[in-house]
Structures are given as structure tokens and as C-alpha cells.
file query_31.txt (compact mmCIF, C-alpha atoms and all ligand atoms)
# COMPACT_ATOMS: atom_id res chain seq x y z
CA MET A 1 15.14 51.65 187.61
CA GLN A 2 12.93 51.10 184.56
CA THR A 3 10.94 47.90 184.66
CA GLY A 4 9.71 46.35 181.45
CA ASN A 5 6.31 44.93 180.78
CA ILE A 6 5.54 42.41 183.52
CA GLN A 7 2.94 39.68 183.09
CA SER A 8 1.63 37.72 186.05
CA ILE A 9 0.12 34.25 186.20
CA THR A 10 -1.37 32.54 189.24
CA VAL A 11 -0.73 28.92 190.14
CA ASP A 12 -4.08 28.08 191.67
CA LEU A 13 -3.63 25.90 194.74
CA GLY A 14 -6.22 27.32 197.13
CA LYS A 15 -4.56 28.91 200.15
CA ARG A 16 -1.14 28.01 198.73
CA SER A 17 -1.72 29.80 195.41
CA TYR A 18 1.16 31.94 194.23
CA PRO A 19 2.02 34.36 191.46
CA ILE A 20 4.59 33.93 188.71
CA HIS A 21 5.80 37.30 187.44
CA ILE A 22 7.48 37.29 184.02
CA GLY A 23 9.19 40.03 182.05
CA THR A 24 12.36 42.06 181.76
CA GLY A 25 13.48 44.03 184.80
CA THR A 26 11.00 41.93 186.82
CA ILE A 27 13.47 41.63 189.68
CA GLU A 28 12.58 45.21 190.64
CA ILE A 29 9.31 43.98 192.15
CA LEU A 30 11.18 41.99 194.80
CA PRO A 31 10.84 44.65 197.54
CA ASP A 32 7.06 44.80 197.03
CA THR A 33 6.89 41.01 197.02
CA LEU A 34 8.78 40.82 200.33
CA ARG A 35 6.59 43.52 201.85
CA SER A 36 3.42 41.75 200.70
CA LEU A 37 4.66 38.59 202.41
CA GLY A 38 5.12 40.60 205.61
CA VAL A 39 8.80 39.74 205.84
CA LYS A 40 10.52 41.45 208.75
CA CYS A 41 13.26 39.02 209.72
CA ALA A 42 16.53 38.39 207.83
CA VAL A 43 16.30 36.98 204.31
CA ALA A 44 18.76 34.40 202.98
CA ILE A 45 19.66 34.68 199.30
CA ALA A 46 20.81 31.15 198.50
CA SER A 47 22.53 30.73 195.16
CA ASP A 48 25.51 29.07 193.52
CA ASP A 49 29.03 30.28 192.89
CA ASN A 50 28.34 31.08 189.22
CA VAL A 51 25.18 33.10 189.76
CA ALA A 52 25.88 34.80 193.10
CA PRO A 53 28.85 36.85 191.81
CA ILE A 54 26.77 38.15 188.87
CA TYR A 55 23.39 38.85 190.49
CA GLY A 56 23.78 38.36 194.27
CA GLU A 57 24.52 41.99 195.15
CA ARG A 58 21.71 43.34 192.99
CA VAL A 59 19.20 41.06 194.68
CA ALA A 60 20.66 41.92 198.10
CA ALA A 61 20.17 45.64 197.40
CA LEU A 62 16.50 45.02 196.61
CA VAL A 63 16.09 43.04 199.84
CA ARG A 64 17.56 46.00 201.75
CA GLU A 65 15.09 48.27 199.97
CA ALA A 66 12.33 46.24 201.65
CA GLY A 67 13.92 47.09 204.99
CA VAL A 68 15.28 43.61 205.60
CA VAL A 69 18.85 42.38 206.11
CA PRO A 70 20.05 40.07 203.29
CA HIS A 71 22.41 37.16 203.86
CA ILE A 72 23.99 35.80 200.67
CA CYS A 73 25.14 32.18 200.68
CA ALA A 74 26.33 30.19 197.68
CA MET A 75 26.79 26.48 196.99
CA PRO A 76 29.24 25.17 194.40
CA GLY A 77 27.46 25.07 191.02
CA GLY A 78 26.44 21.83 189.36
CA GLU A 79 24.42 18.67 189.78
CA ALA A 80 27.20 16.92 191.76
CA HIS A 81 26.48 19.24 194.69
CA LYS A 82 22.76 18.53 194.79
CA ARG A 83 23.33 16.46 197.94
CA MET A 84 22.15 16.22 201.55
CA ALA A 85 25.46 17.70 202.70
CA GLN A 86 24.48 20.94 200.98
CA ILE A 87 21.13 21.05 202.83
CA ASP A 88 23.09 20.86 206.06
CA ARG A 89 25.32 23.75 204.95
CA PHE A 90 22.47 25.97 203.85
CA ILE A 91 20.61 25.37 207.10
CA GLY A 92 23.76 26.41 208.96
CA GLU A 93 23.72 29.63 206.91
CA PHE A 94 20.04 30.23 207.71
CA LEU A 95 20.79 29.94 211.42
CA LYS A 96 23.81 32.25 211.13
CA ALA A 97 21.57 34.77 209.36
CA GLY A 98 19.24 34.74 212.38
CA MET A 99 16.29 33.38 210.44
CA ASP A 100 13.16 32.16 212.16
CA ARG A 101 9.84 30.59 211.25
CA THR A 102 8.58 33.81 209.67
CA SER A 103 11.63 34.16 207.43
CA VAL A 104 11.78 33.86 203.69
CA VAL A 105 14.51 32.19 201.66
CA ILE A 106 15.28 33.32 198.12
CA ALA A 107 16.47 30.65 195.67
CA LEU A 108 18.53 32.53 193.08
CA GLY A 109 19.82 30.29 190.30
CA GLY A 110 19.10 27.37 188.02
CA GLY A 111 17.23 24.17 188.73
CA VAL A 112 19.95 22.80 190.98
CA VAL A 113 19.77 25.80 193.27
CA GLY A 114 15.95 25.78 193.15
CA ASP A 115 15.76 22.10 194.09
CA VAL A 116 18.36 22.29 196.88
CA VAL A 117 17.21 25.59 198.36
CA GLY A 118 13.57 24.56 198.04
CA TYR A 119 14.24 21.40 200.00
CA ALA A 120 16.28 23.31 202.59
CA ALA A 121 13.33 25.73 202.96
CA ALA A 122 10.91 22.77 203.23
CA SER A 123 12.99 21.28 206.04
CA PHE A 124 14.19 24.32 208.00
CA MET A 125 11.97 24.65 211.09
CA ARG A 126 9.61 22.18 209.35
CA GLY A 127 9.11 24.59 206.49
CA VAL A 128 9.67 28.28 205.80
CA ARG A 129 8.45 30.28 202.83
CA PHE A 130 10.65 30.71 199.79
CA ILE A 131 10.76 32.76 196.62
CA GLN A 132 12.13 31.37 193.38
CA ILE A 133 14.22 33.67 191.21
CA PRO A 134 15.12 31.27 188.38
CA THR A 135 18.06 32.18 186.16
CA THR A 136 18.16 29.36 183.56
CA ILE A 137 15.54 28.41 180.96
CA VAL A 138 15.06 25.04 182.70
CA ALA A 139 14.35 26.82 185.97
CA GLN A 140 12.14 29.51 184.38
CA VAL A 141 9.93 27.14 182.40
CA ASP A 142 10.03 24.07 184.59
CA SER A 143 11.73 23.60 187.95
CA SER A 144 10.70 26.85 189.68
CA VAL A 145 7.01 26.10 189.08
CA GLY A 146 5.21 23.24 190.75
CA GLY A 147 6.80 22.81 194.16
CA LYS A 148 8.88 19.69 193.59
CA THR A 149 12.13 20.00 195.55
CA ALA A 150 14.79 17.33 195.87
CA VAL A 151 18.39 16.31 196.26
CA ASN A 152 20.15 13.27 194.85
CA HIS A 153 21.36 10.16 196.67
CA GLU A 154 24.42 8.34 195.35
CA LEU A 155 22.11 5.50 194.28
CA ALA A 156 19.34 7.58 192.68
CA LYS A 157 18.55 11.06 191.39
CA ASN A 158 15.95 13.32 193.07
CA ILE A 159 15.13 10.54 195.54
CA ILE A 160 15.13 12.69 198.71
CA GLY A 161 12.68 15.55 198.57
CA ALA A 162 9.40 17.21 199.39
CA PHE A 163 6.53 19.05 197.78
CA HIS A 164 6.96 22.64 198.93
CA GLN A 165 5.35 25.37 196.85
CA PRO A 166 7.10 28.74 196.61
CA SER A 167 5.35 31.93 197.78
CA ALA A 168 6.21 33.67 194.52
CA VAL A 169 8.25 33.11 191.36
CA ILE A 170 10.01 36.11 189.82
CA ILE A 171 11.23 35.45 186.28
CA ASP A 172 13.51 38.15 184.93
CA LEU A 173 14.41 37.36 181.33
CA ASP A 174 17.40 39.72 181.54
CA PHE A 175 19.15 37.07 183.63
CA LEU A 176 19.31 34.84 180.55
CA LYS A 177 21.86 37.15 178.93
CA SER A 178 24.71 35.56 180.89
CA LEU A 179 23.46 31.98 180.42
CA PRO A 180 25.83 29.79 178.36
CA ASP A 181 24.36 28.89 174.92
CA ARG A 182 24.39 25.16 175.54
CA GLU A 183 22.32 25.65 178.71
CA LEU A 184 19.91 27.88 176.79
CA ARG A 185 19.38 25.28 174.07
CA ALA A 186 18.97 22.41 176.53
CA GLY A 187 16.33 24.34 178.47
CA LEU A 188 14.39 25.00 175.29
CA ALA A 189 13.85 21.24 174.93
CA GLU A 190 11.38 21.54 177.83
CA VAL A 191 9.57 24.36 175.99
CA ILE A 192 9.28 22.22 172.85
CA LYS A 193 7.94 19.49 175.15
CA HIS A 194 5.24 21.85 176.48
CA GLY A 195 4.19 22.54 172.90
CA VAL A 196 3.95 18.85 172.00
CA ILE A 197 2.01 17.88 175.12
CA ALA A 198 -0.36 20.84 175.42
CA ASP A 199 -0.22 23.58 172.79
CA ALA A 200 0.22 23.17 169.04
CA ALA A 201 0.45 26.99 168.68
CA LEU A 202 3.41 27.10 171.08
CA PHE A 203 5.08 24.35 169.07
CA ALA A 204 4.52 26.29 165.83
CA TYR A 205 5.92 29.43 167.49
CA MET A 206 9.05 27.51 168.48
CA GLU A 207 9.42 26.29 164.88
CA GLU A 208 9.06 29.80 163.48
CA ASN A 209 11.24 31.72 165.92
CA ALA A 210 14.25 29.46 166.49
CA ASP A 211 16.84 31.94 165.22
CA ALA A 212 15.59 34.88 167.28
CA ILE A 213 15.19 32.75 170.41
CA LEU A 214 18.70 31.30 170.06
CA ALA A 215 20.01 34.85 169.59
CA LYS A 216 18.40 35.65 172.98
CA ASP A 217 15.92 38.14 171.57
CA LEU A 218 14.06 38.60 174.86
CA ASP A 219 10.91 39.91 173.15
CA LYS A 220 10.68 36.58 171.36
CA ILE A 221 11.59 34.50 174.42
CA GLU A 222 8.88 36.05 176.60
CA PHE A 223 5.95 34.20 175.01
CA PRO A 224 7.35 30.66 175.20
CA VAL A 225 8.52 31.18 178.80
CA ARG A 226 5.15 32.60 179.86
CA ARG A 227 3.16 29.99 177.96
CA SER A 228 5.29 27.22 179.51
CA CYS A 229 4.56 28.59 182.99
CA GLU A 230 0.83 28.75 182.17
CA ILE A 231 0.84 25.17 180.91
CA LYS A 232 2.85 23.80 183.82
CA GLY A 233 0.96 25.96 186.34
CA ALA A 234 -2.42 24.69 185.08
CA ILE A 235 -1.26 21.07 185.20
CA VAL A 236 0.10 21.51 188.74
CA SER A 237 -3.15 23.19 189.87
CA GLU A 238 -5.07 20.18 188.64
CA ASP A 239 -2.74 17.45 189.88
CA GLU A 240 -0.17 18.76 192.37
CA HIS A 241 1.12 15.36 193.50
CA GLU A 242 1.26 13.61 190.12
CA HIS A 243 -1.58 11.14 190.34
CA GLY A 244 -2.67 11.79 186.77
CA VAL A 245 -2.25 14.63 184.30
CA ARG A 246 1.03 15.92 185.81
CA ALA A 247 2.68 12.84 184.31
CA ASN A 248 2.15 14.46 180.87
CA LEU A 249 5.15 16.63 181.77
CA ASN A 250 7.23 13.44 181.66
CA TYR A 251 6.95 13.27 177.86
CA GLY A 252 10.38 12.20 176.60
CA HIS A 253 11.50 11.57 180.17
CA THR A 254 11.03 7.78 180.41
CA PHE A 255 13.55 7.37 177.57
CA GLY A 256 15.45 10.52 178.62
CA HIS A 257 16.09 9.38 182.19
CA GLY A 258 17.35 6.04 180.88
CA ILE A 259 19.69 7.87 178.51
CA GLU A 260 20.98 10.14 181.29
CA ALA A 261 21.64 7.19 183.61
CA ALA A 262 23.30 5.08 180.90
CA SER A 263 25.61 7.97 180.06
CA ASN A 264 26.49 8.46 183.74
CA TYR A 265 24.86 11.91 183.73
CA SER A 266 27.95 13.30 182.06
CA GLN A 267 27.53 13.18 178.28
CA PHE A 268 24.24 15.05 177.92
CA LEU A 269 22.63 17.93 179.72
CA HIS A 270 19.15 16.99 180.95
CA GLY A 271 17.43 18.86 178.12
CA GLU A 272 19.64 17.14 175.54
CA ALA A 273 18.66 13.74 176.92
CA ILE A 274 15.01 14.85 176.81
CA ALA A 275 15.40 15.88 173.16
CA LEU A 276 16.62 12.34 172.40
CA GLY A 277 13.82 10.96 174.58
CA MET A 278 11.16 12.95 172.74
CA HIS A 279 12.42 11.68 169.39
CA ALA A 280 12.26 8.11 170.70
CA ALA A 281 8.77 8.71 172.14
CA ALA A 282 7.48 10.15 168.85
CA THR A 283 8.92 7.16 167.00
CA LEU A 284 7.19 4.87 169.48
CA ALA A 285 3.90 6.74 168.92
CA ARG A 286 4.31 6.21 165.18
CA ASP A 287 4.97 2.49 165.68
CA LEU A 288 1.85 2.29 167.88
CA GLY A 289 -0.14 3.85 165.02
CA MET A 290 -0.88 7.05 166.95
CA VAL A 291 0.89 9.58 164.74
CA ASP A 292 2.29 9.45 161.21
CA GLN A 293 5.86 9.83 159.97
CA ALA A 294 5.16 13.51 159.17
CA PHE A 295 4.64 14.15 162.91
CA VAL A 296 7.96 12.49 163.76
CA ASP A 297 9.75 14.50 161.06
CA ARG A 298 8.15 17.76 162.18
CA GLN A 299 9.13 17.32 165.82
CA ARG A 300 12.61 16.23 164.77
CA GLY A 301 12.99 19.37 162.62
CA CYS A 302 12.12 21.58 165.56
CA ILE A 303 14.48 19.79 167.95
CA GLU A 304 17.30 20.09 165.40
CA ALA A 305 16.55 23.78 164.80
CA TYR A 306 17.61 24.36 168.42
CA GLY A 307 20.85 22.44 167.94
CA LEU A 308 19.58 19.62 170.13
CA PRO A 309 20.42 15.95 169.46
CA VAL A 310 18.12 13.40 167.81
CA ALA A 311 20.77 10.71 167.45
CA TRP A 312 23.15 8.82 169.71
CA PRO A 313 24.86 6.33 167.37
CA GLN A 314 26.94 4.64 170.10
CA MET A 315 24.06 4.26 172.53
CA PRO A 316 24.47 1.28 174.91
CA ILE A 317 20.88 0.23 174.31
CA ASP A 318 20.72 -2.52 176.95
CA ARG A 319 21.99 -0.15 179.62
CA VAL A 320 19.38 2.44 178.65
CA LEU A 321 16.58 -0.13 178.83
CA GLU A 322 17.87 -1.42 182.15
CA ALA A 323 18.01 2.11 183.59
CA MET A 324 14.48 2.79 182.31
CA ARG A 325 13.21 -0.23 184.23
CA HIS A 326 14.80 1.09 187.42
CA ASP A 327 13.45 4.62 187.09
CA LYS A 328 11.63 5.68 190.25
CA LYS A 329 8.51 6.38 188.20
CA VAL A 330 8.21 2.71 187.22
CA ARG A 331 5.40 1.25 189.32
CA ALA A 332 4.91 -2.50 189.77
CA GLY A 333 7.29 -3.20 186.91
CA THR A 334 5.21 -1.29 184.33
CA MET A 335 6.95 1.39 182.32
CA LYS A 336 4.66 4.29 181.58
CA PHE A 337 5.10 6.12 178.30
CA ILE A 338 3.64 9.48 177.45
CA VAL A 339 2.99 9.48 173.71
CA PRO A 340 1.46 12.06 171.37
CA ASP A 341 -1.66 11.29 169.35
CA LEU A 342 -1.72 14.73 167.72
CA MET A 343 0.31 17.90 168.05
CA GLY A 344 -0.52 19.49 171.43
CA HIS A 345 -2.01 16.34 172.96
CA VAL A 346 -0.59 13.23 174.63
CA VAL A 347 -1.91 10.03 176.19
CA HIS A 348 -0.47 7.58 178.72
CA ARG A 349 0.41 4.05 177.62
CA THR A 350 1.37 1.27 180.02
CA ASP A 351 1.11 -1.55 177.47
CA VAL A 352 4.36 -0.88 175.61
CA THR A 353 6.55 -3.97 175.35
CA VAL A 354 10.29 -3.96 175.92
CA ASP A 355 10.75 -4.82 172.24
CA GLN A 356 8.73 -1.78 171.19
CA ALA A 357 10.77 0.44 173.49
CA ARG A 358 13.96 -1.07 172.08
CA THR A 359 12.85 -0.38 168.50
CA ALA A 360 12.16 3.26 169.40
CA LEU A 361 15.64 3.58 170.92
CA GLU A 362 17.17 2.02 167.80
CA ALA A 363 15.78 4.98 165.88
CA LEU A 364 18.24 7.16 167.84
CA MET A 365 21.11 5.01 166.60
CA GLY A 366 20.41 6.14 163.08
CA SER A 367 18.64 3.07 161.78
CA VAL A 368 15.26 4.80 161.23
N1 LIG A 401 11.88 20.48 190.67
C1 LIG A 401 11.50 20.29 189.43
O1 LIG A 401 10.31 20.23 189.12
C2 LIG A 401 12.54 20.18 188.38
C3 LIG A 401 12.18 20.23 187.02
C4 LIG A 401 13.18 20.20 186.06
C5 LIG A 401 14.51 20.10 186.44
N2 LIG A 401 14.82 20.03 187.77
C6 LIG A 401 16.22 19.95 188.20
O2 LIG A 401 16.89 21.09 187.70
C7 LIG A 401 18.27 20.78 187.58
C8 LIG A 401 18.79 21.33 186.28
O3 LIG A 401 18.60 22.73 186.28
P1 LIG A 401 19.41 23.68 185.30
O4 LIG A 401 19.39 23.12 183.93
O5 LIG A 401 18.90 25.04 185.52
O6 LIG A 401 20.91 23.49 185.78
P2 LIG A 401 21.85 24.27 186.82
O7 LIG A 401 21.08 24.81 187.96
O8 LIG A 401 22.98 23.35 187.10
O9 LIG A 401 22.38 25.49 185.94
C9 LIG A 401 23.20 25.25 184.82
C10 LIG A 401 24.52 26.01 184.92
O10 LIG A 401 24.30 27.38 184.60
C11 LIG A 401 24.78 28.24 185.65
N3 LIG A 401 23.87 29.39 185.64
C12 LIG A 401 22.60 29.43 186.09
N4 LIG A 401 22.04 30.60 185.76
C13 LIG A 401 22.98 31.32 185.10
C14 LIG A 401 22.97 32.60 184.50
N5 LIG A 401 21.87 33.36 184.45
N6 LIG A 401 24.12 33.05 183.94
C15 LIG A 401 25.23 32.25 183.93
N7 LIG A 401 25.28 31.01 184.45
C16 LIG A 401 24.15 30.56 185.03
C17 LIG A 401 24.75 27.37 186.88
O11 LIG A 401 25.64 27.82 187.85
C18 LIG A 401 25.14 26.01 186.31
O12 LIG A 401 26.53 25.94 186.16
C19 LIG A 401 18.40 19.29 187.70
O13 LIG A 401 18.94 18.97 188.96
C20 LIG A 401 16.97 18.78 187.62
O14 LIG A 401 16.76 17.62 188.36
C21 LIG A 401 13.88 20.08 188.72
ZN ZN A 402 12.87 17.63 182.34
call {"tool": "encode", "arguments": {"input": "query_31.txt", "output": "C-alpha cells"}}
result
Amino acid sequence: MQTGNIQSITVDLGKRSYPIHIGTGTIEILPDTLRSLGVKCAVAIASDDNVAPIYGERVAALVREAGVVPHICAMPGGEAHKRMAQIDRFIGEFLKAGMDRTSVVIALGGGVVGDVVGYAAASFMRGVRFIQIPTTIVAQVDSSVGGKTAVNHELAKNIIGAFHQPSAVIIDLDFLKSLPDRELRAGLAEVIKHGVIADAALFAYMEENADAILAKDLDKIEFPVRRSCEIKGAIVSEDEHEHGVRANLNYGHTFGHGIEAASNYSQFLHGEAIALGMHAAATLARDLGMVDQAFVDRQRGCIEAYGLPVAWPQMPIDRVLEAMRHDKKVRAGTMKFIVPDLMGHVVHRTDVTVDQARTALEALMGSV
């Protein structure tokens, strides 16, 4: 089969470095990837019940091409199934497939699949290798890169997990063709975020190409996906365990996580909550004297161009603030905010008062 132009990036982590391959038709390199990893034992293709019926067989055929027996297993799709019970089920599947310590697991799906399968791979026999084949924008530009894996507990999101880097990430943009539009738009919030925190040119590209990107013009989507992987990959190489610069990736997330929790994780997709969170964070930056109103308006224009929200008129503001204070990233009672000081650059602020945070949230209610 014809493969398109494939670009490769390396996430530099010494002996645990790994490549990210990006392009159209990229999936065709899977047999070579498996061979280069020396895989001889069975391979589990772990996915969800939306993605497995569309792409499972195609991936299985490529696994066979590498001379290995594939075993497809699928979890129910959706965040509600990102639970310990699913780890147990996947590990049962790995055992049924006859996997051993030398095996490789393939995570085929969005961020939910990547997080669950990654954690199952981190735990099975104290850790087996895994390959990420991300199929949503969120997974392609964010969750498949960086090695954070996790499942939720009923009391807190992403609270059970491990750092476990993949052996390779294969990003095939063709997979986006079946992605629902709302999921596409929500994922693009993370790309806009990468522009604001690290690359003014990426941000400008997102402003200029919104129509083509929303129409899934893959030639136009390639650059922002690749650039996002470069940005996240470089940050992870520098600060794998989030002691410093990796926190930049949380831009919009202090507010966003509060918004998700206060809306019971049902009203907004993650990227939609992050769009709201970025608008609040930019407003906060303006109030702190770090950017001007023109910056806030420019970011807002870009978010709106992707059909993402910048307002939540009925926001239960006290619940959002309360949830922000309970976020697992809050250390010793101090909320940390990532705020821009110019396009493509952010700083960390731990001196923001509750009143200042409240004022920024009020902007989302339409008062500013
Ligand atoms: N580990 C990390 O660093 C990290 C970073 C960001 C997000 N996450 C996690 O990622 C999750 C969100 O990921 P997501 O937005 O990809 O959601 P998701 O995995 O739930 O996917 C969204 C929906 O799209 C379906 N789908 C996936 N690919 C498809 C395709 N190509 N065609 C048709 N349907 C498809 C899925 O079945 C699901 O119903 C959250 O749990 C979040 O915590 C993790
Ligand atoms: Zn996010």
C-alpha cells in the first residue's frame, strides 16, 4: 500500500528514547516497528468498541505481516470505563493471548485507551513495552506523548497511574477521517494551547488555517500535529516527571479542571473545558498586567474560530473555585497558574489570590 510522507521526531529520554512517526498511511510502518523491537511473542491490540471495529482488523493484518499473532481486545468507549476494573480485564486478555515479558501491547484509540492500556502495560509483569497508535487529536497531540498513564478513581480523576514511556508512537492522520467533529474541535484546543505556551508561529498558523483544519484537510493538519508533538516531546525530554517546565502544558488546566469537575465531567469535553480555562487564564494574565486586552481578544478569536466555548453564563463559580482548590496539582494549598506574558511564552504564578481567580472566572460568565 502507498504510504504518504512520513516525518519522524525523537523524544529524547536516554535509553528510553522513542520515535514519533507522523503522516498519512503511517500505519504501514507497523511491521517494521515490531521487527525493530524484536517482537516474537503474541501482540495484544487493545482498543475500544468504537475504534476496534473500524481499524482493528487493519492493524491486526500488519501485525501478522511482522510474523506475530495479533490478539484484539476492546474496552467499552468513554471516560466512565477508565477504571481499575478495565486494567484487570485487559490483563486477563494479555494472559489469554499468551503474552510474556518480551511482548508488546498496542494501544489503538483515543486518550482513554492510551491511558488505560498504557497503565495495563506498565503493570503487566511489572512492565511490558507498548506502542501508541493514537486515533483522536487529543491522543495524537497530547496523551500518546510523554508517558503519563492513568485510570480514574471514583473520588478523583487520573489518580492511579504510572510513568511508562511507549516504545514508539505511530500517528496516522488518516484515522482522523472517522473522528466526530466535536472531538476534533475539542482536541484542537490543546494545539492552540501549544501555540500560546511555546510557539507564536503555531498559534498564527492555527488562526490562519481554521477552515481547512476543521474540514479535515490532512495536509493542513499535519503541521500543527507534528509541531505539537515536537513541543510536548521537547518539554518531556527536559522534565519527564513534571518538576518544572512540564507544568507549562497545564496552561488553561487549573481553571479547566475546576470547570470539568463542577460540571460533573458531563457538560464539556476536556478540550472544551480547556478552551474556557485558557480564556480565564488570559484574562487573569491581563489583570496581573502581563498581557494587554489585545492578547485576550486574539486568543479568544482563535478559540472561537474552532467553535470552542469562551463563555459559560450559568457557571456555578463557587463550585469551580472549590474544585480548583482540590485539584491534585495543588500543593500545600497553593494554586499554581500558568499565565502568558507574550504569545508563545508562559510563566508560573503561585501568588494569585482567590479573588483574582474569581474575577477571571467571572469573565466567562459574560461580564468582561
Ligand atoms: N496521559 C496524558 O498525558 C493525557 C493527556 C491528555 C489527555 N489524557 C486523557 O485522554 C482522555 C481523553 O482522550 P480523547 O479526547 O482522545 O477521548 P476518548 O479516548 O474518549 O475518544 C473520544 C471518542 O472518540 C472515539 N474515537 C476515538 N478515535 C476515533 C476515530 N478515529 N474515529 C471514530 N471515533 C473515534 C472514542 O471511542 C471515544 O468515543 C482523558 O481520559 C484524559 O484524561 C491523557
Ligand atoms: Zn488537556
call {"tool": "closest_residue", "arguments": {"input": "query_31.txt", "among": "A:Gly109, A:Gly252, A:Pro313, A:Pro31", "to": "A:Gln299", "atoms": "all atoms listed in the file"}}
result
A:Gly252
call {"tool": "residues_near_ligand", "arguments": {"input": "query_31.txt", "ligand": "ligand LIG 401 (chain A)", "cutoff": "8 Å", "atoms": "only C-alpha atoms and all ligand atoms", "output": "number ranges by chain"}}
result
A: 48-51, 54, 76-79, 82, 109-115, 134-139, 142-151, 157-158, 175-180, 183, 186-187, 269-271
call {"tool": "residues_around", "arguments": {"input": "query_31.txt", "residues": "A:Phe94", "least_positions_apart": "4", "cutoff": "9 Å", "atoms": "all atoms listed in the file", "output": "ChimeraX atom specification"}}
result
/A:42-44,71,73,89-90,98-100,105,124
call {"tool": "residues_around", "arguments": {"input": "query_31.txt", "residues": "A:Thr254", "least_positions_apart": "5", "cutoff": "10 Å", "atoms": "all atoms listed in the file", "output": "list of chain:residue names"}}
result
A:Ile259, A:Ile274, A:Gly277, A:Met278, A:Ala280, A:Ala281, A:Leu321, A:Ala323, A:Met324, A:Arg325, A:Asp327, A:Lys329, A:Val330, A:Met335, A:Lys336, A:Phe337, A:Ile338
call {"tool": "closest_residue", "arguments": {"input": "query_31.txt", "among": "A:Glu240, A:Glu93, A:Glu190, A:Asp174", "to": "ligand ZN 402 (chain A)", "atoms": "all atoms listed in the file"}}
result
A:Glu190
call {"tool": "atom_distance", "arguments": {"input": "query_31.txt", "atom1": "atom CA of A:Tyr205", "atom2": "atom CA of A:Ile20"}}
result
21.7 Å
call {"tool": "residues_around", "arguments": {"input": "query_31.txt", "residues": "A:Tyr251", "least_positions_apart": "3", "cutoff": "12 Å", "atoms": "all atoms listed in the file", "output": "JSON list (two decimals) with C-alpha atoms, in the frame of the given file"}}
result
[["chain", "number", "residue", "atom", "x", "y", "z"],
["A", 189, "ALA", "CA", 13.85, 21.24, 174.93],
["A", 190, "GLU", "CA", 11.38, 21.54, 177.83],
["A", 191, "VAL", "CA", 9.57, 24.36, 175.99],
["A", 192, "ILE", "CA", 9.28, 22.22, 172.85],
["A", 193, "LYS", "CA", 7.94, 19.49, 175.15],
["A", 194, "HIS", "CA", 5.24, 21.85, 176.48],
["A", 195, "GLY", "CA", 4.19, 22.54, 172.90],
["A", 196, "VAL", "CA", 3.95, 18.85, 172.00],
["A", 197, "ILE", "CA", 2.01, 17.88, 175.12],
["A", 198, "ALA", "CA", -0.36, 20.84, 175.42],
["A", 245, "VAL", "CA", -2.25, 14.63, 184.30],
["A", 246, "ARG", "CA", 1.03, 15.92, 185.81],
["A", 247, "ALA", "CA", 2.68, 12.84, 184.31],
["A", 248, "ASN", "CA", 2.15, 14.46, 180.87],
["A", 254, "THR", "CA", 11.03, 7.78, 180.41],
["A", 255, "PHE", "CA", 13.55, 7.37, 177.57],
["A", 256, "GLY", "CA", 15.45, 10.52, 178.62],
["A", 257, "HIS", "CA", 16.09, 9.38, 182.19],
["A", 271, "GLY", "CA", 17.43, 18.86, 178.12],
["A", 273, "ALA", "CA", 18.66, 13.74, 176.92],
["A", 274, "ILE", "CA", 15.01, 14.85, 176.81],
["A", 275, "ALA", "CA", 15.40, 15.88, 173.16],
["A", 276, "LEU", "CA", 16.62, 12.34, 172.40],
["A", 277, "GLY", "CA", 13.82, 10.96, 174.58],
["A", 278, "MET", "CA", 11.16, 12.95, 172.74],
["A", 279, "HIS", "CA", 12.42, 11.68, 169.39],
["A", 280, "ALA", "CA", 12.26, 8.11, 170.70],
["A", 281, "ALA", "CA", 8.77, 8.71, 172.14],
["A", 282, "ALA", "CA", 7.48, 10.15, 168.85],
["A", 284, "LEU", "CA", 7.19, 4.87, 169.48],
["A", 285, "ALA", "CA", 3.90, 6.74, 168.92],
["A", 336, "LYS", "CA", 4.66, 4.29, 181.58],
["A", 337, "PHE", "CA", 5.10, 6.12, 178.30],
["A", 338, "ILE", "CA", 3.64, 9.48, 177.45],
["A", 339, "VAL", "CA", 2.99, 9.48, 173.71],
["A", 340, "PRO", "CA", 1.46, 12.06, 171.37],
["A", 344, "GLY", "CA", -0.52, 19.49, 171.43],
["A", 345, "HIS", "CA", -2.01, 16.34, 172.96],
["A", 346, "VAL", "CA", -0.59, 13.23, 174.63],
["A", 347, "VAL", "CA", -1.91, 10.03, 176.19],
["A", 348, "HIS", "CA", -0.47, 7.58, 178.72],
["A", 349, "ARG", "CA", 0.41, 4.05, 177.62]]
call {"tool": "closest_residue", "arguments": {"input": "query_31.txt", "among": "A:Glu272, A:Glu304, A:Asp239, A:Asp181", "to": "A:Ala215", "atoms": "all atoms listed in the file"}}
result
A:Asp181
call {"tool": "atom_distance", "arguments": {"input": "query_31.txt", "atom1": "atom CA of A:Pro309", "atom2": "atom CA of A:Asp219"}}
result
26.0 Å
call {"tool": "closest_residue", "arguments": {"input": "query_31.txt", "among": "A:Leu249, A:Ala262, A:Val11, A:Leu95", "to": "ligand ZN 402 (chain A)", "atoms": "all atoms listed in the file"}}
result
A:Leu249
call {"tool": "residues_near_point", "arguments": {"input": "query_31.txt", "point": "(9.7, 17.6, 163.1)", "cutoff": "12 Å", "atoms": "only C-alpha atoms", "output": "JSON, numbers by chain"}}
result
{"A": [192, 196, 203, 204, 206, 207, 275, 278, 279, 282, 283, 292, 293, 294, 295, 296, 297, 298, 299, 300, 301, 302, 303, 304, 305, 306, 310, 343]}
call {"tool": "atom_distance", "arguments": {"input": "query_31.txt", "atom1": "atom CA of A:Val39", "atom2": "atom CA of A:Ala234"}}
result
28.0 Å
